[in-house]
>>> print(open('entry-v6.cif').read())   # mmCIF, N, CA and C atoms
data_work
#
loop_
_atom_site.group_PDB
_atom_site.id
_atom_site.type_symbol
_atom_site.label_atom_id
_atom_site.label_comp_id
_atom_site.auth_asym_id
_atom_site.auth_seq_id
_atom_site.Cartn_x
_atom_site.Cartn_y
_atom_site.Cartn_z
ATOM 1 N N MET A 1 1.539 -1.989 5.569
ATOM 2 C CA MET A 1 0.273 -1.410 5.909
ATOM 3 C C MET A 1 0.259 -0.967 7.363
ATOM 4 N N LEU A 2 0.887 -1.764 8.214
ATOM 5 C CA LEU A 2 0.927 -1.369 9.627
ATOM 6 C C LEU A 2 1.690 -0.060 9.810
ATOM 7 N N LYS A 3 2.797 0.073 9.108
ATOM 8 C CA LYS A 3 3.583 1.301 9.229
ATOM 9 C C LYS A 3 2.774 2.491 8.734
ATOM 10 N N ARG A 4 2.063 2.328 7.622
ATOM 11 C CA ARG A 4 1.229 3.408 7.100
ATOM 12 C C ARG A 4 0.134 3.741 8.099
ATOM 13 N N GLN A 5 -0.445 2.723 8.718
ATOM 14 C CA GLN A 5 -1.492 2.943 9.716
ATOM 15 C C GLN A 5 -0.947 3.731 10.903
ATOM 16 N N ARG A 6 0.266 3.386 11.347
ATOM 17 C CA ARG A 6 0.859 4.076 12.500
ATOM 18 C C ARG A 6 1.301 5.495 12.163
ATOM 19 N N GLU A 7 1.964 5.664 11.013
ATOM 20 C CA GLU A 7 2.577 6.951 10.696
ATOM 21 C C GLU A 7 1.695 7.859 9.851
ATOM 22 N N GLY A 8 0.722 7.292 9.170
ATOM 23 C CA GLY A 8 -0.197 8.089 8.371
ATOM 24 C C GLY A 8 0.496 8.816 7.233
ATOM 25 N N ALA A 9 0.026 10.023 6.965
ATOM 26 C CA ALA A 9 0.516 10.802 5.827
ATOM 27 C C ALA A 9 1.989 11.176 5.972
ATOM 28 N N ALA A 10 2.515 11.196 7.180
ATOM 29 C CA ALA A 10 3.928 11.541 7.367
ATOM 30 C C ALA A 10 4.839 10.566 6.631
ATOM 31 N N MET A 11 4.353 9.352 6.439
ATOM 32 C CA MET A 11 5.150 8.337 5.761
ATOM 33 C C MET A 11 5.351 8.675 4.282
ATOM 34 N N SER A 12 4.422 9.419 3.700
ATOM 35 C CA SER A 12 4.527 9.755 2.281
ATOM 36 C C SER A 12 4.692 11.259 2.068
ATOM 37 N N ASP A 13 5.359 11.898 2.985
ATOM 38 C CA ASP A 13 5.604 13.339 2.884
ATOM 39 C C ASP A 13 6.243 13.653 1.530
ATOM 40 N N PRO A 14 5.599 14.488 0.718
ATOM 41 C CA PRO A 14 6.117 14.759 -0.629
ATOM 42 C C PRO A 14 7.523 15.360 -0.634
ATOM 43 N N VAL A 15 7.843 16.168 0.352
ATOM 44 C CA VAL A 15 9.176 16.779 0.413
ATOM 45 C C VAL A 15 10.239 15.716 0.670
ATOM 46 N N LEU A 16 9.984 14.847 1.629
ATOM 47 C CA LEU A 16 10.942 13.771 1.924
ATOM 48 C C LEU A 16 11.042 12.783 0.765
ATOM 49 N N ARG A 17 9.904 12.468 0.162
ATOM 50 C CA ARG A 17 9.905 11.554 -0.979
ATOM 51 C C ARG A 17 10.744 12.115 -2.114
ATOM 52 N N GLU A 18 10.543 13.378 -2.430
ATOM 53 C CA GLU A 18 11.292 13.997 -3.524
ATOM 54 C C GLU A 18 12.780 14.086 -3.198
ATOM 55 N N ALA A 19 13.108 14.356 -1.942
ATOM 56 C CA ALA A 19 14.521 14.393 -1.544
ATOM 57 C C ALA A 19 15.162 13.014 -1.742
ATOM 58 N N GLY A 20 14.437 11.963 -1.401
ATOM 59 C CA GLY A 20 14.956 10.612 -1.593
ATOM 60 C C GLY A 20 15.160 10.287 -3.065
ATOM 61 N N ILE A 21 14.221 10.704 -3.891
ATOM 62 C CA ILE A 21 14.347 10.456 -5.326
ATOM 63 C C ILE A 21 15.529 11.247 -5.895
ATOM 64 N N GLN A 22 15.731 12.457 -5.414
ATOM 65 C CA GLN A 22 16.861 13.260 -5.886
ATOM 66 C C GLN A 22 18.189 12.604 -5.515
ATOM 67 N N ILE A 23 18.268 12.035 -4.332
ATOM 68 C CA ILE A 23 19.479 11.324 -3.911
ATOM 69 C C ILE A 23 19.732 10.138 -4.842
ATOM 70 N N LEU A 24 18.675 9.397 -5.137
ATOM 71 C CA LEU A 24 18.810 8.266 -6.065
ATOM 72 C C LEU A 24 19.238 8.742 -7.450
ATOM 73 N N ALA A 25 18.632 9.821 -7.921
ATOM 74 C CA ALA A 25 18.963 10.351 -9.248
ATOM 75 C C ALA A 25 20.425 10.782 -9.321
ATOM 76 N N GLU A 26 20.916 11.404 -8.259
ATOM 77 C CA GLU A 26 22.322 11.827 -8.229
ATOM 78 C C GLU A 26 23.258 10.624 -8.170
ATOM 79 N N ALA A 27 22.834 9.576 -7.491
ATOM 80 C CA ALA A 27 23.668 8.381 -7.374
ATOM 81 C C ALA A 27 23.681 7.573 -8.674
ATOM 82 N N HIS A 28 22.671 7.791 -9.523
ATOM 83 C CA HIS A 28 22.561 7.065 -10.785
ATOM 84 C C HIS A 28 22.324 8.042 -11.931
ATOM 85 N N PRO A 29 23.329 8.878 -12.249
ATOM 86 C CA PRO A 29 23.140 9.909 -13.275
ATOM 87 C C PRO A 29 22.922 9.345 -14.678
ATOM 88 N N ASP A 30 23.233 8.074 -14.885
ATOM 89 C CA ASP A 30 23.059 7.466 -16.201
ATOM 90 C C ASP A 30 21.603 7.100 -16.499
ATOM 91 N N GLN A 31 20.734 7.127 -15.503
ATOM 92 C CA GLN A 31 19.329 6.791 -15.696
ATOM 93 C C GLN A 31 18.564 7.986 -16.281
ATOM 94 N N PRO A 32 17.680 7.738 -17.233
ATOM 95 C CA PRO A 32 16.902 8.831 -17.815
ATOM 96 C C PRO A 32 15.912 9.403 -16.794
ATOM 97 N N PRO A 33 15.542 10.667 -16.954
ATOM 98 C CA PRO A 33 14.602 11.294 -16.016
ATOM 99 C C PRO A 33 13.272 10.545 -15.897
ATOM 100 N N GLY A 34 12.861 9.877 -16.969
ATOM 101 C CA GLY A 34 11.614 9.125 -16.920
ATOM 102 C C GLY A 34 11.624 8.037 -15.865
ATOM 103 N N THR A 35 12.809 7.529 -15.555
ATOM 104 C CA THR A 35 12.932 6.501 -14.516
ATOM 105 C C THR A 35 12.396 7.021 -13.194
ATOM 106 N N TRP A 36 12.737 8.245 -12.869
ATOM 107 C CA TRP A 36 12.346 8.810 -11.574
ATOM 108 C C TRP A 36 10.864 9.150 -11.557
ATOM 109 N N ASN A 37 10.301 9.465 -12.735
ATOM 110 C CA ASN A 37 8.850 9.664 -12.806
ATOM 111 C C ASN A 37 8.124 8.348 -12.538
ATOM 112 N N LEU A 38 8.698 7.240 -13.021
ATOM 113 C CA LEU A 38 8.116 5.927 -12.738
ATOM 114 C C LEU A 38 8.152 5.623 -11.240
ATOM 115 N N VAL A 39 9.252 5.992 -10.594
ATOM 116 C CA VAL A 39 9.373 5.771 -9.145
ATOM 117 C C VAL A 39 8.309 6.592 -8.423
ATOM 118 N N ARG A 40 8.159 7.845 -8.822
ATOM 119 C CA ARG A 40 7.137 8.706 -8.200
ATOM 120 C C ARG A 40 5.747 8.104 -8.355
ATOM 121 N N THR A 41 5.452 7.657 -9.574
ATOM 122 C CA THR A 41 4.140 7.069 -9.848
ATOM 123 C C THR A 41 3.925 5.800 -9.026
ATOM 124 N N ALA A 42 4.946 4.959 -8.958
ATOM 125 C CA ALA A 42 4.834 3.717 -8.186
ATOM 126 C C ALA A 42 4.581 4.010 -6.711
ATOM 127 N N LEU A 43 5.283 4.987 -6.159
ATOM 128 C CA LEU A 43 5.072 5.341 -4.757
ATOM 129 C C LEU A 43 3.674 5.898 -4.533
ATOM 130 N N ASP A 44 3.246 6.799 -5.414
ATOM 131 C CA ASP A 44 1.899 7.364 -5.281
ATOM 132 C C ASP A 44 0.835 6.279 -5.362
ATOM 133 N N ASP A 45 0.958 5.413 -6.356
ATOM 134 C CA ASP A 45 -0.018 4.326 -6.518
ATOM 135 C C ASP A 45 0.002 3.375 -5.326
ATOM 136 N N GLY A 46 1.195 3.078 -4.837
ATOM 137 C CA GLY A 46 1.318 2.177 -3.693
ATOM 138 C C GLY A 46 0.668 2.727 -2.439
ATOM 139 N N PHE A 47 0.936 3.989 -2.141
ATOM 140 C CA PHE A 47 0.326 4.596 -0.951
ATOM 141 C C PHE A 47 -1.186 4.711 -1.116
ATOM 142 N N ARG A 48 -1.651 5.029 -2.318
ATOM 143 C CA ARG A 48 -3.088 5.121 -2.573
ATOM 144 C C ARG A 48 -3.739 3.747 -2.352
ATOM 145 N N SER A 49 -3.086 2.702 -2.833
ATOM 146 C CA SER A 49 -3.613 1.351 -2.667
ATOM 147 C C SER A 49 -3.679 0.954 -1.192
ATOM 148 N N ILE A 50 -2.634 1.255 -0.464
ATOM 149 C CA ILE A 50 -2.618 0.940 0.973
ATOM 150 C C ILE A 50 -3.732 1.692 1.688
ATOM 151 N N ASP A 51 -3.899 2.978 1.364
ATOM 152 C CA ASP A 51 -4.944 3.773 2.009
ATOM 153 C C ASP A 51 -6.332 3.214 1.701
ATOM 154 N N GLN A 52 -6.554 2.787 0.455
ATOM 155 C CA GLN A 52 -7.851 2.205 0.090
ATOM 156 C C GLN A 52 -8.099 0.907 0.844
ATOM 157 N N ARG A 53 -7.063 0.086 0.967
ATOM 158 C CA ARG A 53 -7.226 -1.180 1.694
ATOM 159 C C ARG A 53 -7.500 -0.941 3.170
ATOM 160 N N LEU A 54 -6.783 -0.001 3.775
ATOM 161 C CA LEU A 54 -7.026 0.302 5.181
ATOM 162 C C LEU A 54 -8.438 0.833 5.386
ATOM 163 N N LYS A 55 -8.909 1.632 4.445
ATOM 164 C CA LYS A 55 -10.269 2.169 4.545
ATOM 165 C C LYS A 55 -11.295 1.047 4.414
ATOM 166 N N ALA A 56 -11.071 0.134 3.487
ATOM 167 C CA ALA A 56 -12.013 -0.957 3.252
ATOM 168 C C ALA A 56 -12.017 -1.981 4.385
ATOM 169 N N VAL A 57 -10.835 -2.301 4.895
ATOM 170 C CA VAL A 57 -10.701 -3.355 5.898
ATOM 171 C C VAL A 57 -10.868 -2.819 7.313
ATOM 172 N N GLY A 58 -10.529 -1.558 7.506
ATOM 173 C CA GLY A 58 -10.542 -0.986 8.842
ATOM 174 C C GLY A 58 -9.164 -1.115 9.451
ATOM 175 N N PRO A 59 -9.013 -0.636 10.654
ATOM 176 C CA PRO A 59 -7.690 -0.670 11.286
ATOM 177 C C PRO A 59 -7.187 -2.103 11.474
ATOM 178 N N LEU A 60 -5.901 -2.283 11.211
ATOM 179 C CA LEU A 60 -5.284 -3.591 11.414
ATOM 180 C C LEU A 60 -5.015 -3.787 12.897
ATOM 181 N N GLN A 61 -5.226 -4.985 13.346
ATOM 182 C CA GLN A 61 -4.976 -5.333 14.742
ATOM 183 C C GLN A 61 -4.139 -6.612 14.765
ATOM 184 N N PRO A 62 -2.822 -6.481 14.556
ATOM 185 C CA PRO A 62 -1.992 -7.673 14.418
ATOM 186 C C PRO A 62 -1.887 -8.530 15.675
ATOM 187 N N ASP A 63 -2.209 -7.973 16.827
ATOM 188 C CA ASP A 63 -2.116 -8.749 18.066
ATOM 189 C C ASP A 63 -3.407 -9.512 18.367
ATOM 190 N N ARG A 64 -4.413 -9.318 17.535
ATOM 191 C CA ARG A 64 -5.699 -9.948 17.755
ATOM 192 C C ARG A 64 -6.010 -10.851 16.560
ATOM 193 N N PHE A 65 -6.407 -12.088 16.841
ATOM 194 C CA PHE A 65 -6.745 -13.013 15.768
ATOM 195 C C PHE A 65 -7.951 -13.848 16.175
ATOM 196 N N SER A 66 -8.888 -13.964 15.243
ATOM 197 C CA SER A 66 -10.056 -14.815 15.452
ATOM 198 C C SER A 66 -10.188 -15.715 14.236
ATOM 199 N N LEU A 67 -10.091 -16.999 14.444
ATOM 200 C CA LEU A 67 -10.210 -17.951 13.344
ATOM 201 C C LEU A 67 -11.580 -17.834 12.682
ATOM 202 N N GLN A 68 -12.612 -17.656 13.472
ATOM 203 C CA GLN A 68 -13.962 -17.543 12.919
ATOM 204 C C GLN A 68 -14.070 -16.313 12.014
ATOM 205 N N GLU A 69 -13.557 -15.161 12.456
ATOM 206 C CA GLU A 69 -13.603 -13.956 11.624
ATOM 207 C C GLU A 69 -12.781 -14.131 10.352
ATOM 208 N N ALA A 70 -11.616 -14.758 10.467
ATOM 209 C CA ALA A 70 -10.771 -14.984 9.295
ATOM 210 C C ALA A 70 -11.488 -15.877 8.291
ATOM 211 N N ASN A 71 -12.140 -16.918 8.776
ATOM 212 C CA ASN A 71 -12.879 -17.819 7.887
ATOM 213 C C ASN A 71 -14.070 -17.108 7.236
ATOM 214 N N GLU A 72 -14.741 -16.231 7.971
ATOM 215 C CA GLU A 72 -15.866 -15.478 7.404
ATOM 216 C C GLU A 72 -15.379 -14.536 6.303
ATOM 217 N N ARG A 73 -14.250 -13.866 6.530
ATOM 218 C CA ARG A 73 -13.700 -12.971 5.501
ATOM 219 C C ARG A 73 -13.273 -13.769 4.269
ATOM 220 N N LEU A 74 -12.645 -14.905 4.496
ATOM 221 C CA LEU A 74 -12.216 -15.752 3.388
ATOM 222 C C LEU A 74 -13.425 -16.239 2.590
ATOM 223 N N ASP A 75 -14.478 -16.645 3.289
ATOM 224 C CA ASP A 75 -15.689 -17.095 2.621
ATOM 225 C C ASP A 75 -16.306 -15.967 1.797
ATOM 226 N N ALA A 76 -16.341 -14.762 2.330
ATOM 227 C CA ALA A 76 -16.898 -13.618 1.605
ATOM 228 C C ALA A 76 -16.073 -13.325 0.352
ATOM 229 N N LEU A 77 -14.756 -13.376 0.471
ATOM 230 C CA LEU A 77 -13.897 -13.158 -0.695
ATOM 231 C C LEU A 77 -14.114 -14.225 -1.747
ATOM 232 N N THR A 78 -14.243 -15.465 -1.315
ATOM 233 C CA THR A 78 -14.455 -16.576 -2.233
ATOM 234 C C THR A 78 -15.779 -16.409 -2.966
ATOM 235 N N GLN A 79 -16.811 -15.980 -2.252
ATOM 236 C CA GLN A 79 -18.130 -15.780 -2.861
ATOM 237 C C GLN A 79 -18.072 -14.673 -3.928
ATOM 238 N N ARG A 80 -17.386 -13.591 -3.636
ATOM 239 C CA ARG A 80 -17.282 -12.493 -4.593
ATOM 240 C C ARG A 80 -16.568 -12.937 -5.852
ATOM 241 N N ARG A 81 -15.507 -13.700 -5.718
ATOM 242 C CA ARG A 81 -14.740 -14.146 -6.896
ATOM 243 C C ARG A 81 -15.532 -15.160 -7.716
ATOM 244 N N ARG A 82 -16.367 -15.922 -7.075
ATOM 245 C CA ARG A 82 -17.150 -16.942 -7.760
ATOM 246 C C ARG A 82 -18.138 -16.304 -8.745
ATOM 247 N N PHE A 83 -18.642 -15.115 -8.405
ATOM 248 C CA PHE A 83 -19.671 -14.476 -9.236
ATOM 249 C C PHE A 83 -19.090 -13.458 -10.218
ATOM 250 N N ARG A 84 -17.808 -13.293 -10.258
ATOM 251 C CA ARG A 84 -17.189 -12.392 -11.233
ATOM 252 C C ARG A 84 -17.166 -13.047 -12.608
ATOM 253 N N PRO A 85 -17.374 -12.232 -13.656
ATOM 254 C CA PRO A 85 -17.330 -12.807 -15.009
ATOM 255 C C PRO A 85 -15.942 -13.194 -15.434
#
>>> encode(input="entry-v6.cif", output="structure tokens")
Amino acid sequence: MLKRQREGAAMSDPVLREAGIQILAEAHPDQPPGTWNLVRTALDDGFRSIDQRLKAVGPLQPDRFSLQEANERLDALTQRRRFRP
């Protein structure tokens, strides 16, 4: 998540991603084409998930820590899970 936060969309550049998948496909010609579609989907879903988390949580600040804030977030998460069916 930190890398995505620092590099942004450049980290998931579609041209570079596709070039990487093509290299993998050439290195493993015995794999069916559907394998590479799964890789594409996994990467897309992963980046989408990271972007949603960064949007929900806000910017990560790994050099800053507050025990009180961490406990408040944990308590809020616990409360939400308690009321789920």
>>> closest_residue(input="entry-v6.cif", among="A:Ala10, A:Leu54, A:Ile21, A:Val15", to="Leu38 (chain A)", atoms="only C-alpha atoms")
A:Ile21
>>> residues_around(input="entry-v6.cif", residues="Asn37 (chain A)", least_positions_apart="4", cutoff="12 Å", atoms="only C-alpha atoms", output="count of residues only")
11
>>> atom_distance(input="entry-v6.cif", atom1="CA of Ser49 (chain A)", atom2="CA of Met1 (chain A)")
9.8 Å
>>> atom_distance(input="entry-v6.cif", atom1="atom N of Thr78 (chain A)", atom2="atom C of Arg48 (chain A)")
21.9 Å
>>> atom_distance(input="entry-v6.cif", atom1="CA of Lys55 (chain A)", atom2="atom C of Arg4 (chain A)")
11.1 Å
>>> residues_near_point(input="entry-v6.cif", point="(1.1, -1.9, 15.9)", cutoff="7 Å", atoms="all atoms listed in the file", output="PyMOL selection string")
chain A and resi 2+6+62-63
>>> closest_residue(input="entry-v6.cif", among="A:Asn71, A:Arg40, A:Phe65, A:Glu26", to="Pro14 (chain A)", atoms="only C-alpha atoms")
A:Arg40
>>> select_by_dssp(input="entry-v6.cif", residues="chain A", states="alpha helix (DSSP H)", output="MDAnalysis selection string")
chainID A and resid 2:7 14:27 33:57 67:82
>>> decode(input="entry-v6.cif", residues="region 20-40 of chain A", atoms="N, CA and C atoms", output="PDB file, in the first residue's frame")
ATOM      1  N   GLY A  20       4.922  -7.336 -18.837  1.00  0.00           N
ATOM      2  CA  GLY A  20       5.334  -8.329 -17.848  1.00  0.00           C
ATOM      3  C   GLY A  20       4.592  -9.645 -18.023  1.00  0.00           C
ATOM      4  N   ILE A  21       3.307  -9.559 -18.304  1.00  0.00           N
ATOM      5  CA  ILE A  21       2.521 -10.773 -18.511  1.00  0.00           C
ATOM      6  C   ILE A  21       2.990 -11.493 -19.779  1.00  0.00           C
ATOM      7  N   GLN A  22       3.328 -10.742 -20.808  1.00  0.00           N
ATOM      8  CA  GLN A  22       3.818 -11.359 -22.043  1.00  0.00           C
ATOM      9  C   GLN A  22       5.138 -12.087 -21.803  1.00  0.00           C
ATOM     10  N   ILE A  23       6.003 -11.512 -20.997  1.00  0.00           N
ATOM     11  CA  ILE A  23       7.271 -12.164 -20.655  1.00  0.00           C
ATOM     12  C   ILE A  23       6.995 -13.478 -19.924  1.00  0.00           C
ATOM     13  N   LEU A  24       6.070 -13.432 -18.978  1.00  0.00           N
ATOM     14  CA  LEU A  24       5.700 -14.658 -18.255  1.00  0.00           C
ATOM     15  C   LEU A  24       5.105 -15.693 -19.205  1.00  0.00           C
ATOM     16  N   ALA A  25       4.234 -15.250 -20.099  1.00  0.00           N
ATOM     17  CA  ALA A  25       3.596 -16.169 -21.047  1.00  0.00           C
ATOM     18  C   ALA A  25       4.630 -16.833 -21.952  1.00  0.00           C
ATOM     19  N   GLU A  26       5.617 -16.065 -22.392  1.00  0.00           N
ATOM     20  CA  GLU A  26       6.674 -16.628 -23.243  1.00  0.00           C
ATOM     21  C   GLU A  26       7.550 -17.602 -22.461  1.00  0.00           C
ATOM     22  N   ALA A  27       7.759 -17.322 -21.190  1.00  0.00           N
ATOM     23  CA  ALA A  27       8.592 -18.195 -20.365  1.00  0.00           C
ATOM     24  C   ALA A  27       7.860 -19.487 -19.994  1.00  0.00           C
ATOM     25  N   HIS A  28       6.526 -19.463 -20.076  1.00  0.00           N
ATOM     26  CA  HIS A  28       5.716 -20.626 -19.727  1.00  0.00           C
ATOM     27  C   HIS A  28       4.711 -20.916 -20.836  1.00  0.00           C
ATOM     28  N   PRO A  29       5.199 -21.339 -22.017  1.00  0.00           N
ATOM     29  CA  PRO A  29       4.302 -21.546 -23.159  1.00  0.00           C
ATOM     30  C   PRO A  29       3.303 -22.683 -22.957  1.00  0.00           C
ATOM     31  N   ASP A  30       3.538 -23.540 -21.974  1.00  0.00           N
ATOM     32  CA  ASP A  30       2.633 -24.657 -21.723  1.00  0.00           C
ATOM     33  C   ASP A  30       1.362 -24.239 -20.979  1.00  0.00           C
ATOM     34  N   GLN A  31       1.322 -23.032 -20.439  1.00  0.00           N
ATOM     35  CA  GLN A  31       0.154 -22.553 -19.710  1.00  0.00           C
ATOM     36  C   GLN A  31      -0.923 -22.057 -20.685  1.00  0.00           C
ATOM     37  N   PRO A  32      -2.179 -22.373 -20.419  1.00  0.00           N
ATOM     38  CA  PRO A  32      -3.253 -21.911 -21.296  1.00  0.00           C
ATOM     39  C   PRO A  32      -3.426 -20.390 -21.199  1.00  0.00           C
ATOM     40  N   PRO A  33      -3.937 -19.771 -22.255  1.00  0.00           N
ATOM     41  CA  PRO A  33      -4.129 -18.315 -22.246  1.00  0.00           C
ATOM     42  C   PRO A  33      -5.000 -17.824 -21.087  1.00  0.00           C
ATOM     43  N   GLY A  34      -5.927 -18.661 -20.636  1.00  0.00           N
ATOM     44  CA  GLY A  34      -6.779 -18.267 -19.522  1.00  0.00           C
ATOM     45  C   GLY A  34      -5.995 -17.967 -18.260  1.00  0.00           C
ATOM     46  N   THR A  35      -4.839 -18.600 -18.121  1.00  0.00           N
ATOM     47  CA  THR A  35      -3.984 -18.347 -16.956  1.00  0.00           C
ATOM     48  C   THR A  35      -3.612 -16.877 -16.884  1.00  0.00           C
ATOM     49  N   TRP A  36      -3.267 -16.309 -18.015  1.00  0.00           N
ATOM     50  CA  TRP A  36      -2.804 -14.918 -18.040  1.00  0.00           C
ATOM     51  C   TRP A  36      -3.965 -13.957 -17.838  1.00  0.00           C
ATOM     52  N   ASN A  37      -5.174 -14.374 -18.250  1.00  0.00           N
ATOM     53  CA  ASN A  37      -6.353 -13.553 -17.955  1.00  0.00           C
ATOM     54  C   ASN A  37      -6.611 -13.522 -16.450  1.00  0.00           C
ATOM     55  N   LEU A  38      -6.365 -14.652 -15.778  1.00  0.00           N
ATOM     56  CA  LEU A  38      -6.501 -14.686 -14.321  1.00  0.00           C
ATOM     57  C   LEU A  38      -5.496 -13.747 -13.653  1.00  0.00           C
ATOM     58  N   VAL A  39      -4.279 -13.719 -14.185  1.00  0.00           N
ATOM     59  CA  VAL A  39      -3.248 -12.827 -13.635  1.00  0.00           C
ATOM     60  C   VAL A  39      -3.691 -11.378 -13.818  1.00  0.00           C
ATOM     61  N   ARG A  40      -4.183 -11.056 -15.002  1.00  0.00           N
ATOM     62  CA  ARG A  40      -4.661  -9.686 -15.263  1.00  0.00           C
ATOM     63  C   ARG A  40      -5.766  -9.299 -14.290  1.00  0.00           C
TER      64      ARG A  40
END
